[in-house]
>>> print(open('run_12.pdb').read())   # PDB, C-alpha atoms
MODEL        1
ATOM      1  CA  MET P   1       6.430  -8.957  37.693  1.00  0.00           C
ATOM      2  CA  SER P   2       5.225 -12.503  38.249  1.00  0.00           C
ATOM      3  CA  GLN P   3       5.605 -15.152  35.569  1.00  0.00           C
ATOM      4  CA  PRO P   4       1.805 -15.629  35.010  1.00  0.00           C
ATOM      5  CA  THR P   5       1.348 -11.864  34.526  1.00  0.00           C
ATOM      6  CA  ALA P   6       4.252 -11.654  32.074  1.00  0.00           C
ATOM      7  CA  LYS P   7       2.874 -14.634  30.136  1.00  0.00           C
ATOM      8  CA  SER P   8      -0.592 -13.042  30.088  1.00  0.00           C
ATOM      9  CA  ASN P   9       0.825  -9.705  28.857  1.00  0.00           C
ATOM     10  CA  LYS P  10       2.833 -11.441  26.125  1.00  0.00           C
ATOM     11  CA  LYS P  11      -0.272 -13.304  24.962  1.00  0.00           C
ATOM     12  CA  LEU P  12      -2.293 -10.052  24.910  1.00  0.00           C
ATOM     13  CA  ILE P  13       0.412  -8.241  22.918  1.00  0.00           C
ATOM     14  CA  MET P  14       0.556 -11.070  20.355  1.00  0.00           C
ATOM     15  CA  MET P  15      -3.241 -10.992  19.989  1.00  0.00           C
ATOM     16  CA  LEU P  16      -3.203  -7.194  19.505  1.00  0.00           C
ATOM     17  CA  ILE P  17      -0.442  -7.437  16.876  1.00  0.00           C
ATOM     18  CA  ALA P  18      -2.311 -10.220  15.054  1.00  0.00           C
ATOM     19  CA  GLY P  19      -5.501  -8.108  15.164  1.00  0.00           C
ATOM     20  CA  ALA P  20      -3.690  -5.059  13.748  1.00  0.00           C
ATOM     21  CA  VAL P  21      -2.097  -7.120  10.938  1.00  0.00           C
ATOM     22  CA  GLY P  22      -5.500  -8.679  10.179  1.00  0.00           C
ATOM     23  CA  MET P  23      -7.204  -5.265   9.980  1.00  0.00           C
ATOM     24  CA  PHE P  24      -4.415  -3.925   7.750  1.00  0.00           C
ATOM     25  CA  GLY P  25      -4.813  -6.884   5.378  1.00  0.00           C
ATOM     26  CA  PHE P  26      -8.602  -6.522   5.371  1.00  0.00           C
ATOM     27  CA  GLY P  27      -8.201  -2.845   4.432  1.00  0.00           C
ATOM     28  CA  PHE P  28      -6.185  -3.812   1.356  1.00  0.00           C
ATOM     29  CA  ALA P  29      -8.747  -6.473   0.405  1.00  0.00           C
ATOM     30  CA  LEU P  30     -11.673  -4.028   0.571  1.00  0.00           C
ATOM     31  CA  VAL P  31     -10.955  -2.254  -2.735  1.00  0.00           C
ATOM     32  CA  PRO P  32     -11.016  -5.346  -4.975  1.00  0.00           C
ATOM     33  CA  LEU P  33     -13.915  -6.802  -2.970  1.00  0.00           C
ATOM     34  CA  TYR P  34     -15.853  -3.564  -3.411  1.00  0.00           C
ATOM     35  CA  ASP P  35     -15.206  -3.543  -7.178  1.00  0.00           C
ATOM     36  CA  VAL P  36     -16.325  -7.174  -7.552  1.00  0.00           C
ATOM     37  CA  LEU P  37     -19.421  -6.594  -5.417  1.00  0.00           C
ATOM     38  CA  CYS P  38     -20.404  -3.456  -7.364  1.00  0.00           C
ATOM     39  CA  GLU P  39     -19.881  -5.216 -10.678  1.00  0.00           C
ATOM     40  CA  GLN P  40     -22.001  -8.190  -9.627  1.00  0.00           C
ATOM     41  CA  LEU P  41     -24.793  -6.016  -8.222  1.00  0.00           C
ATOM     42  CA  GLY P  42     -24.660  -3.482 -11.049  1.00  0.00           C
ATOM     43  CA  ILE P  43     -24.097  -0.503  -8.750  1.00  0.00           C
ATOM     44  CA  ASN P  44     -21.548   2.325  -8.675  1.00  0.00           C
ATOM     45  CA  GLY P  45     -21.978   3.413 -12.289  1.00  0.00           C
ATOM     46  CA  LYS P  46     -18.362   3.883 -13.259  1.00  0.00           C
ATOM     47  CA  THR P  47     -17.928   5.150 -16.786  1.00  0.00           C
ATOM     48  CA  GLN P  48     -14.908   4.789 -19.007  1.00  0.00           C
ATOM     49  CA  SER P  49     -12.004   7.078 -18.210  1.00  0.00           C
ATOM     50  CA  THR P  50     -10.920   7.581 -21.826  1.00  0.00           C
ATOM     51  CA  ALA P  51     -12.733   8.690 -24.949  1.00  0.00           C
ATOM     52  CA  VAL P  52     -14.394   6.123 -27.156  1.00  0.00           C
ATOM     53  CA  GLU P  53     -14.553   6.616 -30.881  1.00  0.00           C
ATOM     54  CA  TYR P  54     -17.992   7.145 -32.346  1.00  0.00           C
ATOM     55  CA  THR P  55     -18.640   5.095 -35.434  1.00  0.00           C
ATOM     56  CA  PRO P  56     -21.802   6.055 -37.282  1.00  0.00           C
ATOM     57  CA  MET P  57     -24.549   3.638 -36.358  1.00  0.00           C
ATOM     58  CA  THR P  58     -28.235   3.257 -36.863  1.00  0.00           C
ATOM     59  CA  ILE P  59     -30.076   5.619 -34.570  1.00  0.00           C
ATOM     60  CA  ASP P  60     -33.000   3.917 -32.857  1.00  0.00           C
ATOM     61  CA  GLU P  61     -35.672   6.584 -33.299  1.00  0.00           C
ATOM     62  CA  THR P  62     -38.310   4.264 -31.843  1.00  0.00           C
ATOM     63  CA  ARG P  63     -36.775   4.664 -28.363  1.00  0.00           C
ATOM     64  CA  THR P  64     -36.229   7.788 -26.333  1.00  0.00           C
ATOM     65  CA  ILE P  65     -33.923   7.817 -23.337  1.00  0.00           C
ATOM     66  CA  THR P  66     -34.048  10.625 -20.795  1.00  0.00           C
ATOM     67  CA  VAL P  67     -30.554  11.722 -19.759  1.00  0.00           C
ATOM     68  CA  GLU P  68     -30.381  13.789 -16.575  1.00  0.00           C
ATOM     69  CA  PHE P  69     -27.315  15.867 -15.709  1.00  0.00           C
ATOM     70  CA  MET P  70     -26.174  16.622 -12.174  1.00  0.00           C
ATOM     71  CA  ALA P  71     -23.242  18.583 -10.761  1.00  0.00           C
ATOM     72  CA  GLN P  72     -21.712  18.540  -7.293  1.00  0.00           C
ATOM     73  CA  ILE P  73     -18.686  20.352  -5.934  1.00  0.00           C
ATOM     74  CA  GLN P  74     -16.298  19.273  -3.208  1.00  0.00           C
ATOM     75  CA  SER P  75     -16.729  21.595  -0.215  1.00  0.00           C
ATOM     76  CA  ASP P  76     -13.243  23.174  -0.488  1.00  0.00           C
ATOM     77  CA  LEU P  77     -13.662  24.190  -4.148  1.00  0.00           C
ATOM     78  CA  PRO P  78     -14.871  27.801  -4.553  1.00  0.00           C
ATOM     79  CA  TRP P  79     -16.402  27.252  -7.988  1.00  0.00           C
ATOM     80  CA  GLU P  80     -19.853  27.331  -9.493  1.00  0.00           C
ATOM     81  CA  PHE P  81     -20.452  24.241 -11.589  1.00  0.00           C
ATOM     82  CA  THR P  82     -23.648  23.626 -13.565  1.00  0.00           C
ATOM     83  CA  PRO P  83     -24.839  21.634 -16.568  1.00  0.00           C
ATOM     84  CA  GLU P  84     -26.036  23.468 -19.675  1.00  0.00           C
ATOM     85  CA  VAL P  85     -29.325  21.571 -19.395  1.00  0.00           C
ATOM     86  CA  ARG P  86     -30.671  19.481 -16.536  1.00  0.00           C
ATOM     87  CA  ARG P  87     -32.450  16.925 -18.712  1.00  0.00           C
ATOM     88  CA  MET P  88     -32.642  15.963 -22.373  1.00  0.00           C
ATOM     89  CA  LYS P  89     -34.257  13.288 -24.504  1.00  0.00           C
ATOM     90  CA  VAL P  90     -31.953  11.311 -26.796  1.00  0.00           C
ATOM     91  CA  HIS P  91     -32.270   8.370 -29.152  1.00  0.00           C
ATOM     92  CA  PRO P  92     -29.871   5.440 -28.693  1.00  0.00           C
ATOM     93  CA  GLY P  93     -27.028   5.735 -31.218  1.00  0.00           C
ATOM     94  CA  GLU P  94     -27.429   9.518 -31.563  1.00  0.00           C
ATOM     95  CA  LEU P  95     -24.276  11.623 -31.015  1.00  0.00           C
ATOM     96  CA  VAL P  96     -25.155  14.396 -28.556  1.00  0.00           C
ATOM     97  CA  ARG P  97     -23.259  17.571 -27.671  1.00  0.00           C
ATOM     98  CA  THR P  98     -23.719  19.548 -24.489  1.00  0.00           C
ATOM     99  CA  HIS P  99     -21.519  21.184 -21.871  1.00  0.00           C
ATOM    100  CA  TYR P 100     -21.129  22.104 -18.234  1.00  0.00           C
ATOM    101  CA  THR P 101     -20.074  25.567 -17.087  1.00  0.00           C
ATOM    102  CA  ALA P 102     -17.493  26.231 -14.394  1.00  0.00           C
ATOM    103  CA  PHE P 103     -16.724  29.579 -12.788  1.00  0.00           C
ATOM    104  CA  ASN P 104     -13.880  30.181 -10.329  1.00  0.00           C
ATOM    105  CA  LEU P 105     -15.336  32.442  -7.616  1.00  0.00           C
ATOM    106  CA  SER P 106     -11.960  33.039  -5.985  1.00  0.00           C
ATOM    107  CA  ASN P 107      -9.072  35.268  -7.045  1.00  0.00           C
ATOM    108  CA  ALA P 108      -6.607  32.351  -7.067  1.00  0.00           C
ATOM    109  CA  SER P 109      -5.766  29.893  -9.833  1.00  0.00           C
ATOM    110  CA  ILE P 110      -7.385  26.561  -9.031  1.00  0.00           C
ATOM    111  CA  VAL P 111      -7.244  23.167 -10.710  1.00  0.00           C
ATOM    112  CA  GLY P 112     -10.317  20.960 -10.658  1.00  0.00           C
ATOM    113  CA  GLN P 113     -10.941  17.385 -11.729  1.00  0.00           C
ATOM    114  CA  ALA P 114     -14.389  15.935 -12.393  1.00  0.00           C
ATOM    115  CA  ILE P 115     -15.278  12.349 -11.535  1.00  0.00           C
ATOM    116  CA  PRO P 116     -18.318  10.978 -13.390  1.00  0.00           C
ATOM    117  CA  SER P 117     -20.843   8.337 -12.449  1.00  0.00           C
ATOM    118  CA  VAL P 118     -23.927   7.018 -14.186  1.00  0.00           C
ATOM    119  CA  SER P 119     -27.007   5.571 -12.571  1.00  0.00           C
ATOM    120  CA  PRO P 120     -28.495   3.110 -12.707  1.00  0.00           C
ATOM    121  CA  GLY P 121     -25.146   1.337 -12.588  1.00  0.00           C
ATOM    122  CA  GLN P 122     -26.246  -1.177 -15.226  1.00  0.00           C
ATOM    123  CA  GLY P 123     -26.529   1.719 -17.694  1.00  0.00           C
ATOM    124  CA  ALA P 124     -22.924   2.899 -17.248  1.00  0.00           C
ATOM    125  CA  ALA P 125     -21.612   0.376 -19.775  1.00  0.00           C
ATOM    126  CA  TYR P 126     -23.980   1.815 -22.409  1.00  0.00           C
ATOM    127  CA  PHE P 127     -23.154   5.493 -21.822  1.00  0.00           C
ATOM    128  CA  ASN P 128     -20.197   6.343 -24.068  1.00  0.00           C
ATOM    129  CA  LYS P 129     -18.292   9.637 -23.974  1.00  0.00           C
ATOM    130  CA  THR P 130     -16.345  10.612 -27.104  1.00  0.00           C
ATOM    131  CA  GLU P 131     -15.220  13.882 -25.530  1.00  0.00           C
ATOM    132  CA  CYS P 132     -15.446  14.855 -21.891  1.00  0.00           C
ATOM    133  CA  PHE P 133     -13.921  17.488 -19.658  1.00  0.00           C
ATOM    134  CA  CYS P 134     -13.575  14.731 -17.051  1.00  0.00           C
ATOM    135  CA  PHE P 135     -10.674  13.233 -19.047  1.00  0.00           C
ATOM    136  CA  ASN P 136      -8.500  16.262 -18.179  1.00  0.00           C
ATOM    137  CA  GLN P 137      -7.728  18.555 -15.292  1.00  0.00           C
ATOM    138  CA  GLN P 138      -9.430  21.947 -15.510  1.00  0.00           C
ATOM    139  CA  ALA P 139      -7.285  24.932 -14.557  1.00  0.00           C
ATOM    140  CA  LEU P 140      -9.109  28.231 -14.056  1.00  0.00           C
ATOM    141  CA  ASP P 141      -7.581  31.538 -13.072  1.00  0.00           C
ATOM    142  CA  GLY P 142      -9.355  33.682 -10.521  1.00  0.00           C
ATOM    143  CA  LYS P 143     -12.807  34.909 -11.680  1.00  0.00           C
ATOM    144  CA  GLN P 144     -12.433  32.906 -14.922  1.00  0.00           C
ATOM    145  CA  ASP P 145     -15.198  30.777 -16.396  1.00  0.00           C
ATOM    146  CA  ALA P 146     -15.148  27.967 -18.939  1.00  0.00           C
ATOM    147  CA  ALA P 147     -17.553  25.887 -20.985  1.00  0.00           C
ATOM    148  CA  LEU P 148     -16.602  22.264 -20.385  1.00  0.00           C
ATOM    149  CA  PRO P 149     -17.573  20.094 -23.381  1.00  0.00           C
ATOM    150  CA  LEU P 150     -19.322  16.745 -23.242  1.00  0.00           C
ATOM    151  CA  ILE P 151     -20.073  14.664 -26.342  1.00  0.00           C
ATOM    152  CA  PHE P 152     -21.708  11.284 -25.822  1.00  0.00           C
ATOM    153  CA  TYR P 153     -24.013   8.634 -27.188  1.00  0.00           C
ATOM    154  CA  VAL P 154     -26.131   5.940 -25.605  1.00  0.00           C
ATOM    155  CA  ASP P 155     -25.466   2.494 -27.026  1.00  0.00           C
ATOM    156  CA  PRO P 156     -28.519   1.047 -28.821  1.00  0.00           C
ATOM    157  CA  ASP P 157     -27.990  -2.186 -26.848  1.00  0.00           C
ATOM    158  CA  LEU P 158     -29.120  -0.415 -23.658  1.00  0.00           C
ATOM    159  CA  PRO P 159     -31.642  -2.764 -21.995  1.00  0.00           C
ATOM    160  CA  GLU P 160     -35.261  -1.850 -22.731  1.00  0.00           C
ATOM    161  CA  SER P 161     -35.966  -1.641 -18.994  1.00  0.00           C
ATOM    162  CA  ILE P 162     -33.702   1.416 -18.656  1.00  0.00           C
ATOM    163  CA  THR P 163     -35.444   4.577 -19.816  1.00  0.00           C
ATOM    164  CA  THR P 164     -33.546   7.171 -17.761  1.00  0.00           C
ATOM    165  CA  LEU P 165     -29.823   7.603 -17.224  1.00  0.00           C
ATOM    166  CA  THR P 166     -28.439  10.095 -14.728  1.00  0.00           C
ATOM    167  CA  LEU P 167     -24.950  11.439 -15.394  1.00  0.00           C
ATOM    168  CA  SER P 168     -23.470  12.984 -12.282  1.00  0.00           C
ATOM    169  CA  TYR P 169     -20.141  14.768 -11.990  1.00  0.00           C
ATOM    170  CA  THR P 170     -18.423  15.619  -8.742  1.00  0.00           C
ATOM    171  CA  LEU P 171     -15.769  18.300  -9.147  1.00  0.00           C
ATOM    172  CA  TYR P 172     -12.760  18.055  -6.822  1.00  0.00           C
ATOM    173  CA  ASN P 173     -10.084  20.585  -5.954  1.00  0.00           C
ATOM    174  CA  ILE P 174      -6.775  18.996  -6.985  1.00  0.00           C
ATOM    175  CA  THR P 175      -4.689  22.143  -6.879  1.00  0.00           C
ATOM    176  CA  ASP P 176      -1.110  21.600  -5.857  1.00  0.00           C
ATOM    177  CA  LYS P 177       1.372  24.432  -5.660  1.00  0.00           C
ATOM    178  CA  GLY P 178       3.705  22.870  -8.253  1.00  0.00           C
ATOM    179  CA  TYR P 179       0.980  22.633 -10.910  1.00  0.00           C
ATOM    180  CA  VAL P 180      -0.324  26.168 -10.332  1.00  0.00           C
ATOM    181  CA  ALA P 181       3.232  27.532 -10.432  1.00  0.00           C
ATOM    182  CA  ARG P 182       3.851  25.803 -13.793  1.00  0.00           C
ATOM    183  CA  VAL P 183       0.599  27.223 -15.202  1.00  0.00           C
ATOM    184  CA  GLU P 184       1.536  30.743 -14.081  1.00  0.00           C
ATOM    185  CA  GLN P 185       5.099  30.399 -15.445  1.00  0.00           C
ATOM    186  CA  GLY P 186       3.776  29.144 -18.772  1.00  0.00           C
ATOM    187  CA  ALA P 187       1.435  32.148 -19.027  1.00  0.00           C
ATOM    188  CA  GLU P 188       4.317  34.582 -18.445  1.00  0.00           C
ATOM    189  CA  GLN P 189       6.559  33.099 -21.156  1.00  0.00           C
TER     190      GLN P 189
ENDMDL
END
>>> encode(input="run_12.pdb", output="structure tokens")
Amino acid sequence: MSQPTAKSNKKLIMMLIAGAVGMFGFGFALVPLYDVLCEQLGINGKTQSTAVEYTPMTIDETRTITVEFMAQIQSDLPWEFTPEVRRMKVHPGELVRTHYTAFNLSNASIVGQAIPSVSPGQGAAYFNKTECFCFNQQALDGKQDAALPLIFYVDPDLPESITTLTLSYTLYNITDKGYVARVEQGAEQ
């Protein structure tokens, strides 16, 4: 191989390595950049992942907020998953109880986990869950159903411009053989 060709190949290899390292670093930077961007733009309505305590407050009966409930299921989860109601009217500060229903269509034990989101994203900070099935994994035996509780309130400080909040849950199959085996062993004991 001639010296100019070897030099050219070495330069190309160094550029490819630098490009790969740059892409790897950019991939790590995407998550915090995405979070900052969503926070600044008020999108991606992440809700709290732990229960908040409800302290009795003045219910604003002069305002009515429409809360819509949606349910999606990951494609590999053989469950039915529906809200008790699709829409309800609530007053800010009012403690509200409802539930979703899950039914395992298969004969196998399956563990699901729900991930919530609220839209518009600006409303997520004002939607407070005191109890939610999304805080825990849901294990259902084959052909078993369950009522999954949800207790929430809308903070009275919700901006006047927001009159509808949509709470959406996506249910994912998180079954791993170790967890299902422990559930089955616990049931036998």
>>> atom_distance(input="run_12.pdb", atom1="CA of Ile73 (chain P)", atom2="CA of Leu105 (chain P)")
12.7 Å
>>> resolve_selection(input="run_12.pdb", expression="the PyMOL selection byres ((chain P and resi 96) around 6)", output="ChimeraX atom specification")
/P:95,97,151-152
>>> residues_around(input="run_12.pdb", residues="Glu84 (chain P)", least_positions_apart="3", cutoff="10 Å", atoms="only C-alpha atoms", output="list in words")
Phe69, Phe81, Arg87, Thr98, His99, Tyr100, Thr101, Ala147, Leu148 and Pro149 of chain P
>>> closest_residue(input="run_12.pdb", among="P:Glu68, P:Asp145, P:Asp155, P:Asp176", to="Pro92 (chain P)", atoms="all atoms listed in the file")
P:Asp155
>>> closest_residue(input="run_12.pdb", among="P:Ser2, P:Ser161, P:Thr62, P:Thr170", to="Thr82 (chain P)", atoms="only C-alpha atoms")
P:Thr170
>>> resolve_selection(input="run_12.pdb", expression="the PyMOL selection byres ((chain P and resi 78) around 12)", output="NGL selection string")
:P and (72-77 or 79-81 or 102-112 or 140-144 or 171-173 or 175)
>>> closest_residue(input="run_12.pdb", among="P:Ala18, P:Ala146, P:Leu33, P:Met88", to="Phe133 (chain P)", atoms="all atoms listed in the file")
P:Ala146
>>> atom_distance(input="run_12.pdb", atom1="CA of Pro32 (chain P)", atom2="CA of Ser119 (chain P)")
20.8 Å
>>> atom_distance(input="run_12.pdb", atom1="CA of Phe28 (chain P)", atom2="CA of Leu12 (chain P)")
24.7 Å
>>> resolve_selection(input="run_12.pdb", expression="the PyMOL selection byres ((chain P and resi 59) around 9)", output="list in words")
Pro56, Met57, Thr58, Asp60, Glu61, Thr62, His91, Pro92, Gly93, Glu94 and Pro156 of chain P
